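Below is the file entry_30.tsv, which contains TSV, C-alpha atoms and all ligand atoms.
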chain	number	residue	atom	x	y	z
Y	1315	MET	CA	18.20	-49.08	-86.78
Y	1316	LYS	CA	21.25	-48.19	-84.80
Y	1317	ASN	CA	24.01	-46.59	-86.80
Y	1318	LEU	CA	27.25	-48.25	-85.78
Y	1319	THR	CA	29.35	-45.51	-87.29
Y	1320	SER	CA	27.71	-42.81	-85.18
Y	1321	LYS	CA	29.68	-41.34	-82.29
Y	1322	ARG	CA	29.90	-44.00	-79.67
Y	1323	LYS	CA	28.52	-43.63	-76.23
Y	1324	LYS	CA	30.89	-42.91	-73.37
Y	1325	LEU	CA	30.06	-45.22	-70.48
Y	1326	TYR	CA	32.64	-44.12	-67.94
Y	1327	GLU	CA	35.63	-41.83	-67.73
Y	1328	GLY	CA	38.29	-42.83	-65.23
Y	1329	LYS	CA	41.62	-41.25	-64.42
Y	1330	ALA	CA	43.66	-43.16	-67.02
Y	1331	LYS	CA	41.08	-44.57	-69.43
Y	1332	ILE	CA	37.70	-43.94	-71.00
Y	1333	VAL	CA	35.27	-46.81	-71.46
Y	1334	TYR	CA	32.98	-46.61	-74.53
Y	1335	GLU	CA	30.12	-48.80	-75.65
Y	1336	GLY	CA	31.44	-51.60	-77.88
Y	1337	PRO	CA	30.30	-52.68	-81.36
Y	1338	GLU	CA	28.35	-55.68	-80.06
Y	1339	PRO	CA	26.54	-56.51	-76.82
Y	1340	GLY	CA	28.85	-57.66	-74.07
Y	1341	THR	CA	31.80	-55.65	-75.38
Y	1342	VAL	CA	33.28	-52.26	-74.47
Y	1343	ILE	CA	36.15	-50.21	-75.84
Y	1344	GLN	CA	38.94	-49.08	-73.55
Y	1345	TYR	CA	40.57	-45.81	-74.63
Y	1346	PHE	CA	43.96	-45.19	-72.99
Y	1347	LYS	CA	44.57	-41.53	-72.09
Y	1348	ASP	CA	47.89	-39.79	-71.50
Y	1349	ASP	CA	46.66	-38.56	-68.11
Y	1350	ALA	CA	48.63	-39.65	-65.08
Y	1351	THR	CA	47.48	-39.39	-61.48
Y	1352	ALA	CA	48.99	-40.50	-58.19
Y	1353	PHE	CA	48.18	-40.37	-54.48
Y	1354	ASN	CA	44.44	-40.68	-55.09
Y	1355	ALA	CA	44.53	-38.04	-57.85
Y	1356	GLN	CA	46.17	-35.34	-55.70
Y	1357	LYS	CA	49.04	-35.30	-58.20
Y	1358	LYS	CA	48.22	-34.96	-61.90
Y	1359	ALA	CA	50.02	-34.61	-65.21
Y	1360	VAL	CA	49.70	-35.35	-68.91
Y	1361	LEU	CA	52.45	-37.66	-70.13
Y	1362	SER	CA	52.49	-37.60	-73.90
Y	1363	GLY	CA	52.64	-41.11	-75.39
Y	1364	LYS	CA	51.81	-42.97	-72.17
Y	1365	GLY	CA	48.36	-44.08	-73.38
Y	1366	VAL	CA	49.73	-45.60	-76.58
Y	1367	LEU	CA	52.39	-47.53	-74.66
Y	1368	ASN	CA	50.02	-48.79	-71.96
Y	1369	ASN	CA	47.47	-49.88	-74.56
Y	1370	ARG	CA	50.10	-51.95	-76.37
Y	1371	ILE	CA	51.74	-53.35	-73.24
Y	1372	SER	CA	48.44	-54.33	-71.65
Y	1373	SER	CA	47.07	-55.99	-74.84
Y	1374	HIS	CA	50.29	-57.91	-75.21
Y	1375	LEU	CA	50.43	-59.14	-71.61
Y	1376	MET	CA	46.74	-60.12	-71.57
Y	1377	ALA	CA	47.19	-62.02	-74.86
Y	1378	ARG	CA	50.22	-63.83	-73.42
Y	1379	LEU	CA	48.30	-64.70	-70.24
Y	1380	GLU	CA	45.48	-66.18	-72.35
Y	1381	THR	CA	48.00	-68.60	-73.86
Y	1382	ILE	CA	48.56	-70.15	-70.42
Y	1383	GLY	CA	44.82	-70.42	-69.79
Y	1384	ILE	CA	44.13	-67.26	-67.80
Y	1385	PRO	CA	40.74	-65.93	-68.95
Y	1386	THR	CA	41.00	-62.19	-69.61
Y	1387	HIS	CA	38.67	-59.49	-70.90
Y	1388	PHE	CA	40.95	-58.74	-73.88
Y	1389	LEU	CA	39.48	-59.40	-77.33
Y	1390	ARG	CA	41.55	-57.37	-79.79
Y	1391	SER	CA	43.40	-54.13	-80.24
Y	1392	MET	CA	41.66	-51.55	-82.42
Y	1393	ASN	CA	44.16	-48.74	-82.86
Y	1394	MET	CA	47.02	-47.08	-81.03
Y	1395	ARG	CA	44.92	-46.03	-78.05
Y	1396	GLU	CA	41.97	-48.40	-78.08
Y	1397	GLN	CA	41.26	-52.04	-77.45
Y	1398	LEU	CA	38.08	-54.08	-77.58
Y	1399	VAL	CA	37.38	-55.99	-74.37
Y	1400	ARG	CA	34.53	-58.00	-72.92
Y	1401	GLU	CA	32.26	-55.95	-70.73
Y	1402	VAL	CA	32.44	-57.24	-67.17
Y	1403	ASP	CA	30.98	-56.37	-63.80
Y	1404	ILE	CA	34.09	-55.26	-61.99
Y	1405	VAL	CA	34.68	-56.94	-58.62
Y	1406	PRO	CA	35.28	-53.87	-56.42
Y	1407	LEU	CA	38.75	-54.97	-55.35
Y	1408	GLU	CA	42.31	-54.10	-56.22
Y	1409	VAL	CA	44.26	-57.30	-55.95
Y	1410	VAL	CA	47.96	-56.63	-55.36
Y	1411	VAL	CA	50.74	-59.21	-55.55
Y	1412	ARG	CA	54.12	-58.25	-54.11
Y	1413	ASN	CA	57.46	-60.00	-54.59
Y	1414	ILE	CA	59.75	-57.25	-53.29
Y	1415	ALA	CA	58.91	-54.61	-50.67
Y	1416	ALA	CA	58.07	-51.15	-52.05
Y	1417	GLY	CA	55.50	-48.38	-51.79
Y	1418	SER	CA	52.79	-48.54	-49.15
Y	1419	LEU	CA	54.03	-51.87	-47.77
Y	1420	CYS	CA	57.29	-50.19	-46.71
Y	1421	LYS	CA	55.44	-47.25	-45.22
Y	1422	ARG	CA	53.00	-49.41	-43.30
Y	1423	LEU	CA	55.43	-51.96	-41.89
Y	1424	GLY	CA	58.69	-50.03	-41.85
Y	1425	LEU	CA	60.40	-52.32	-44.36
Y	1426	THR	CA	63.34	-51.19	-46.47
Y	1427	GLU	CA	62.47	-50.77	-50.13
Y	1428	GLY	CA	63.96	-53.64	-52.15
Y	1429	THR	CA	63.68	-56.29	-49.43
Y	1430	ILE	CA	62.85	-59.61	-51.11
Y	1431	LEU	CA	59.74	-61.07	-49.50
Y	1432	PRO	CA	59.93	-64.67	-48.21
Y	1433	LYS	CA	57.03	-65.52	-50.52
Y	1434	PRO	CA	54.74	-63.58	-52.82
Y	1435	LEU	CA	52.24	-61.60	-50.79
Y	1436	VAL	CA	48.64	-61.14	-51.97
Y	1437	GLU	CA	46.74	-58.11	-50.66
Y	1438	PHE	CA	43.25	-56.76	-51.25
Y	1439	TYR	CA	42.08	-53.17	-51.34
Y	1440	TYR	CA	38.44	-52.10	-51.50
Y	1441	LYS	CA	37.99	-50.03	-54.69
Y	1442	ASN	CA	36.51	-46.85	-53.33
Y	1443	ASP	CA	38.13	-43.50	-54.17
Y	1444	GLU	CA	36.26	-41.60	-51.43
Y	1445	LEU	CA	37.71	-43.91	-48.79
Y	1446	GLY	CA	41.14	-43.89	-50.47
Y	1447	ASP	CA	41.02	-47.61	-51.48
Y	1448	PRO	CA	41.50	-49.05	-47.94
Y	1449	MET	CA	43.21	-52.39	-47.42
Y	1450	VAL	CA	40.76	-55.14	-46.46
Y	1451	SER	CA	40.97	-58.80	-45.50
Y	1452	GLU	CA	39.33	-61.74	-47.22
Y	1453	ASP	CA	36.86	-61.82	-44.33
Y	1454	HIS	CA	35.81	-58.20	-45.02
Y	1455	ILE	CA	35.29	-59.14	-48.66
Y	1456	ILE	CA	33.07	-62.12	-47.82
Y	1457	THR	CA	31.24	-60.32	-45.00
Y	1458	PHE	CA	30.30	-57.35	-47.15
Y	1459	GLY	CA	29.58	-59.51	-50.21
Y	1460	TRP	CA	32.10	-57.90	-52.57
Y	1461	ALA	CA	32.96	-61.42	-53.72
Y	1462	ASP	CA	31.95	-64.88	-52.51
Y	1463	PRO	CA	34.33	-67.58	-51.20
Y	1464	TYR	CA	34.36	-69.45	-54.53
Y	1465	GLU	CA	35.21	-66.29	-56.42
Y	1466	MET	CA	37.97	-65.51	-53.92
Y	1467	GLU	CA	39.48	-68.96	-54.40
Y	1468	GLU	CA	39.47	-68.39	-58.14
Y	1469	ILE	CA	40.87	-64.86	-57.87
Y	1470	ILE	CA	43.68	-65.89	-55.52
Y	1471	GLY	CA	44.58	-68.91	-57.66
Y	1472	MET	CA	44.70	-66.74	-60.76
Y	1473	ALA	CA	46.72	-64.06	-58.96
Y	1474	TRP	CA	49.40	-66.64	-58.08
Y	1475	ARG	CA	49.53	-68.06	-61.61
Y	1476	ILE	CA	49.66	-64.61	-63.18
Y	1477	ASN	CA	52.47	-63.61	-60.83
Y	1478	ASP	CA	54.45	-66.79	-61.62
Y	1479	TYR	CA	54.08	-66.27	-65.34
Y	1480	LEU	CA	54.83	-62.54	-65.34
Y	1481	ASN	CA	57.86	-63.06	-63.07
Y	1482	GLY	CA	59.32	-65.41	-65.67
Y	1483	LEU	CA	58.36	-63.21	-68.59
Y	1484	PHE	CA	59.90	-60.07	-67.10
Y	1485	SER	CA	63.01	-61.74	-65.71
Y	1486	ALA	CA	63.75	-63.06	-69.21
Y	1487	ILE	CA	64.00	-59.45	-70.40
Y	1488	GLY	CA	66.08	-58.21	-67.47
Y	1489	LEU	CA	63.27	-56.75	-65.35
Y	1490	LYS	CA	62.21	-57.42	-61.77
Y	1491	LEU	CA	58.48	-57.55	-61.15
Y	1492	VAL	CA	58.42	-55.86	-57.75
Y	1493	ASP	CA	54.63	-55.80	-57.40
Y	1494	PHE	CA	51.50	-55.25	-59.47
Y	1495	LYS	CA	47.78	-54.51	-59.16
Y	1496	MET	CA	44.95	-56.40	-60.84
Y	1497	GLU	CA	41.22	-55.99	-61.24
Y	1498	PHE	CA	38.91	-58.89	-61.94
Y	1499	GLY	CA	35.41	-58.90	-63.41
Y	1500	ARG	CA	32.46	-61.24	-63.76
Y	1501	ILE	CA	30.59	-62.39	-66.82
Y	1502	TRP	CA	27.62	-64.74	-66.85
Y	1503	GLY	CA	27.32	-67.98	-68.82
Y	1504	GLU	CA	24.16	-69.26	-70.46
Y	1505	TYR	CA	22.94	-70.97	-67.31
Y	1506	GLY	CA	23.67	-68.18	-64.88
Y	1507	ASP	CA	27.13	-69.58	-64.17
Y	1508	VAL	CA	29.73	-66.95	-63.33
Y	1509	TYR	CA	33.14	-66.61	-64.95
Y	1510	ILE	CA	35.92	-64.50	-63.48
Y	1511	LEU	CA	38.11	-62.67	-66.00
Y	1512	LEU	CA	41.28	-60.67	-65.50
Y	1513	SER	CA	40.21	-57.14	-66.49
Y	1514	ASP	CA	41.31	-53.49	-66.52
Y	1515	GLU	CA	45.01	-53.23	-67.49
Y	1516	ILE	CA	48.48	-54.53	-66.74
Y	1517	SER	CA	51.02	-51.86	-67.59
Y	1518	PRO	CA	53.80	-49.76	-66.04
Y	1519	ASP	CA	50.95	-47.71	-64.49
Y	1520	THR	CA	49.92	-50.76	-62.46
Y	1521	CYS	CA	53.22	-52.67	-62.05
Y	1522	ARG	CA	56.49	-51.81	-60.33
Y	1523	LEU	CA	59.27	-52.86	-62.71
Y	1524	TRP	CA	62.97	-52.41	-61.97
Y	1525	ASP	CA	65.95	-53.07	-64.19
Y	1526	ALA	CA	67.39	-56.35	-62.91
Y	1527	LYS	CA	71.00	-55.11	-62.86
Y	1528	THR	CA	70.69	-51.51	-61.71
Y	1529	ASP	CA	67.29	-51.47	-59.94
Y	1530	LYS	CA	66.40	-48.45	-62.08
Y	1531	LYS	CA	62.66	-47.83	-61.84
Y	1532	LEU	CA	60.80	-48.07	-65.17
Y	1533	ASP	CA	57.23	-47.61	-63.94
Y	1534	LYS	CA	54.82	-45.09	-62.46
Y	1535	ASP	CA	57.10	-44.49	-59.46
Y	1536	ARG	CA	59.14	-42.27	-61.84
Y	1537	PHE	CA	56.07	-40.01	-61.82
Y	1538	ARG	CA	55.15	-40.44	-58.13
Y	1539	GLN	CA	58.71	-39.67	-57.03
Y	1540	ASP	CA	59.49	-36.97	-59.62
Y	1541	LEU	CA	62.34	-39.03	-61.10
Y	1542	GLY	CA	61.76	-37.65	-64.62
Y	1543	ASP	CA	61.78	-39.54	-67.96
Y	1544	VAL	CA	58.53	-41.30	-67.09
Y	1545	VAL	CA	57.47	-42.13	-70.66
Y	1546	GLU	CA	61.04	-43.17	-71.46
Y	1547	GLY	CA	60.77	-45.74	-68.67
Y	1548	TYR	CA	57.52	-47.13	-70.12
Y	1549	GLN	CA	59.13	-47.14	-73.58
Y	1550	GLU	CA	62.02	-49.19	-72.26
Y	1551	VAL	CA	59.56	-51.80	-70.94
Y	1552	ALA	CA	57.72	-51.90	-74.29
Y	1553	LYS	CA	61.01	-52.16	-76.16
Y	1554	ARG	CA	62.21	-55.10	-74.09
Y	1555	LEU	CA	58.86	-56.82	-74.64
Y	1556	GLY	CA	59.57	-56.54	-78.36
Y	1557	LEU	CA	56.70	-54.09	-78.91
Y	1558	ILE	CA	58.76	-51.25	-80.34
Y	1559	PRO	CA	60.62	-52.51	-83.37
Y	1560	GLU	CA	62.94	-50.34	-85.45
Y	1561	GLY	CA	61.06	-47.47	-87.00
Y	1562	LEU	CA	58.07	-47.28	-84.64
Y	1563	ILE	CA	59.40	-44.27	-82.83
Y	1564	GLY	CA	60.77	-41.54	-85.06
Y	1565	GLU	CA	62.41	-38.20	-84.39
Y	1566	GLY	CA	61.20	-36.37	-81.31
Y	1567	GLY	CA	59.43	-39.46	-79.97
Y	1568	ASN	CA	56.68	-39.43	-82.61
Y	1569	ILE	CA	55.06	-42.77	-83.33
Y	1570	ASN	CA	55.06	-44.03	-86.94
Y	1571	GLU	CA	51.44	-44.98	-87.54
Y	1572	ASP	CA	52.21	-47.34	-90.44
Y	1573	VAL	CA	54.51	-49.45	-88.31
Y	1574	ALA	CA	51.99	-49.36	-85.46
Y	1575	ALA	CA	49.22	-50.60	-87.78
Y	1576	GLN	CA	51.35	-53.55	-88.88
Y	1577	LEU	CA	51.94	-54.50	-85.26
Y	1578	GLU	CA	48.23	-54.42	-84.55
Y	1579	GLU	CA	47.58	-56.73	-87.47
Y	1580	ILE	CA	50.01	-59.31	-86.13
Y	1581	GLU	CA	48.56	-59.16	-82.64
Y	1582	ASN	CA	45.01	-59.39	-83.95
Y	1583	ASP	CA	45.81	-62.48	-86.02
Y	1584	LEU	CA	47.00	-64.11	-82.83
Y	1585	ALA	CA	43.89	-62.92	-81.00
Y	1586	LYS	CA	41.59	-64.34	-83.69
Y	1587	GLU	CA	43.15	-67.76	-83.35
Y	1588	ARG	CA	42.71	-67.61	-79.62
Y	1589	GLN	CA	39.10	-66.57	-79.77
Y	1590	LEU	CA	38.21	-69.51	-81.97
Y	1591	LYS	CA	39.54	-71.76	-79.25
Y	1592	SER	CA	38.00	-69.96	-76.31
Y	1593	VAL	CA	34.68	-68.70	-77.57
Y	1594	LYS	CA	32.71	-71.73	-76.35
Y	1595	LYS	CA	34.04	-71.59	-72.85
Y	1596	THR	CA	33.32	-67.91	-72.24
Y	1597	PRO	CA	30.08	-66.68	-73.79
Y	1598	LEU	CA	29.94	-63.00	-74.68
Y	1599	SER	CA	26.96	-61.61	-72.88
Y	1600	LYS	CA	24.72	-61.97	-69.87
Y	1601	PRO	CA	21.64	-64.06	-70.61
Y	1602	ARG	CA	18.62	-61.87	-71.26
Y	1603	LYS	CA	15.96	-62.01	-68.61
Y	1604	GLY	CA	12.45	-63.23	-69.49
Y	1701	LIG	N1	36.27	-55.12	-69.11
Y	1701	LIG	C1	35.78	-54.12	-68.41
Y	1701	LIG	N2	34.43	-53.89	-68.38
Y	1701	LIG	C2	33.92	-52.87	-67.65
Y	1701	LIG	N3	34.66	-52.01	-66.92
Y	1701	LIG	C3	35.99	-52.19	-66.90
Y	1701	LIG	C4	36.61	-53.25	-67.64
Y	1701	LIG	N4	37.95	-53.20	-67.41
Y	1701	LIG	C5	38.15	-52.14	-66.59
Y	1701	LIG	N5	37.00	-51.53	-66.27
Y	1701	LIG	C6	36.80	-50.33	-65.42
Y	1701	LIG	O1	36.98	-49.21	-66.27
Y	1701	LIG	C7	37.60	-48.16	-65.56
Y	1701	LIG	C8	38.91	-47.83	-66.25
Y	1701	LIG	O2	39.24	-46.55	-66.06
Y	1701	LIG	P1	40.48	-46.06	-65.19
Y	1701	LIG	O3	41.51	-47.11	-65.01
Y	1701	LIG	O4	40.87	-44.76	-65.74
Y	1701	LIG	O5	39.72	-45.88	-63.81
Y	1701	LIG	P2	40.30	-45.24	-62.49
Y	1701	LIG	O6	40.46	-43.79	-62.60
Y	1701	LIG	O7	41.45	-46.07	-62.07
Y	1701	LIG	O8	39.07	-45.40	-61.54
Y	1701	LIG	P3	38.43	-46.57	-60.78
Y	1701	LIG	O9	38.56	-46.15	-59.36
Y	1701	LIG	O10	37.03	-46.63	-61.26
Y	1701	LIG	O11	39.22	-47.80	-61.12
Y	1701	LIG	C9	37.82	-48.64	-64.15
Y	1701	LIG	O12	36.73	-48.24	-63.33
Y	1701	LIG	C10	37.80	-50.16	-64.31
Y	1701	LIG	O13	37.41	-50.81	-63.13
Y	1702	MG	MG	42.49	-47.63	-63.10

Turn the structure described in the file into structure tokens.
Amino acid sequence: MKNLTSKRKKLYEGKAKIVYEGPEPGTVIQYFKDDATAFNAQKKAVLSGKGVLNNRISSHLMARLETIGIPTHFLRSMNMREQLVREVDIVPLEVVVRNIAAGSLCKRLGLTEGTILPKPLVEFYYKNDELGDPMVSEDHIITFGWADPYEMEEIIGMAWRINDYLNGLFSAIGLKLVDFKMEFGRIWGEYGDVYILLSDEISPDTCRLWDAKTDKKLDKDRFRQDLGDVVEGYQEVAKRLGLIPEGLIGEGGNINEDVAAQLEEIENDLAKERQLKSVKKTPLSKPRKG
């Protein structure tokens, strides 16, 4: 018999997270590291506390998105650095939604950073580190079979809804959602039907977030552009989301584990309620063959 308390198997180690085998089939554990990379891992650093913040921010945003009917991989948070998620087959795309010009869009098209786009812009990048995640069109995606037309319709529809919701959520706490990156994954239903879930993470590592009044950057651009106080920026985002109540962060930036545990309990109660509602619609694992 398999001993569940034995050291769990590492399935994949990425630049920002480690994926471990989960406690039941169809689940994996995401462990959020403090490692930061930029420019296709040419620039590297360890940012103490980043993993804890991204874990909390991403769990919270995914849980909020579930409440408006966006299916996500998030199941529950486990501890300060880990969350339990559904195991998916990742669609090899980075789906980017932009509201304001920044980053590579400015470089490519010569736009001034901060220009408000006439409408949200959805872009696709092929997830391939060796090729440097090149931008691709929907036609490339269909032609090479990375996703089919039905999946693309679903992904694009979800991207728009997620952007609408997150724009409102962030503007209510004085932040501009400049742009963000998403990954989607597939799971299979009982009859071979495919469900698309929002996967990976949504955090200041994957969003550009500016203070609405001052345009101060509170995201990974602080690291990319050597602006300093990177973790402080992420902390500010978490604080405004109501994820860092009084007492969570003590002297010298240390996290109070008792307060953190209480927060997890609250979030998991919410998650439990949600799962009862959604468990029928999105079965846990791929049907076994034969
Ligand atoms: N629910 C999930 N099930 C399976 N894999 C997932 C899930 N969510 C995210 N992943 C994958 O787990 C990995 C997370 O690690 P991390 O974000 O550190 O990767 P990365 O360094 O950005 O590399 P990659 O180029 O593979 O995305 C990514 O490859 C991501 O696509
Ligand atoms: Mg990643």

Which protein, DNA or RNA residues are at most 10 Å from (49.5, -51.0, -60.9) in the file's coordinates when you count only C-alpha atoms, listed as a VMD selection string? chain Y and resid 1408 to 1411 1493 to 1497 1515 to 1522 1533 to 1534

Within-7 Å residues of ligand MG 1702 (chain Y), basis all atoms listed in the file, as a list in words: Gly1328, Lys1329, Ala1330 and Asp1514 of chain Y

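Nearest to Leu1375 in chain Y of all the residues Y:Asn1477, Y:Gln1549, Y:Asn1570, Y:Thr1426 is Y:Asn1477, based on only C-alpha atoms.
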
If you count only C-alpha atoms, which residues fall within 7 Å of Tyr1345 in chain Y, apart from same-chain ones fewer than 6 positions away, as a VMD selection string? chain Y and resid 1331 to 1333 1395 to 1397

With all atoms listed in the file counted, collect every polymer residue having an atom within 8 Å of ligand LIG 1701 (chain Y); state the result as a PyMOL selection string. chain Y and resi 1326-1333+1341-1342+1344+1346+1387-1388+1399-1404+1406+1441-1443+1497-1499+1513-1515

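Distance annotation: of Y:Ala1574, Y:Arg1370, Y:Leu1555, Y:Leu1445, the residue with the minimal separation from Arg1390 in chain Y is Y:Arg1370; atom set is all atoms listed in the file.
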
Could you check the closest approach to Ile1343 in chain Y for each of Y:Ser1362, Y:Ala1377, Y:Ala1355, Y:Leu1398 and tell me which residue wins, using all atoms listed in the file?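 Of Y:Ser1362, Y:Ala1377, Y:Ala1355, Y:Leu1398, the one nearest Ile1343 in chain Y, counting all atoms listed in the file, is Y:Leu1398.
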
Identify, on the basis of all atoms listed in the file, every residue whose closest approach to Glu1578 in chain Y does not exceed 8 Å; exclude the query and any residue fewer than 4 positions from it along the same chain; express the result as a list in words.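 Result of the neighbour search: Ser1391, Met1392, Asn1393, Ala1574 and Asn1582 of chain Y.
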
Shortest interatomic distance to Pro1385 in chain Y - which of Y:Leu1435, Y:Met1472, Y:Leu1491, Y:Leu1480, counting only C-alpha atoms: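 Between Y:Leu1435, Y:Met1472, Y:Leu1491, Y:Leu1480, the residue approaching Pro1385 in chain Y most closely is Y:Met1472.
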
Could you jot down the CA of Ala1352 in chain Y to CA of Lys1364 in chain Y separation for me, Å, one decimal place?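 Between these atoms lies a distance of 14.5 Å.
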
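Here the selection is built from only C-alpha atoms, and the residues within 12 Å of (42.8, -56.2, -41.7) turn out to be Glu1437, Phe1438, Tyr1439, Tyr1440, Pro1448, Met1449, Val1450, Ser1451, Glu1452, Asp1453, His1454 and Ile1455 of chain Y.
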
Gap from CA of Asp1535 in chain Y to CA of Thr1381 in chain Y - Å, one decimal: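 CA of Thr1381 in chain Y lies at a distance of 29.5 Å from CA of Asp1535 in chain Y.
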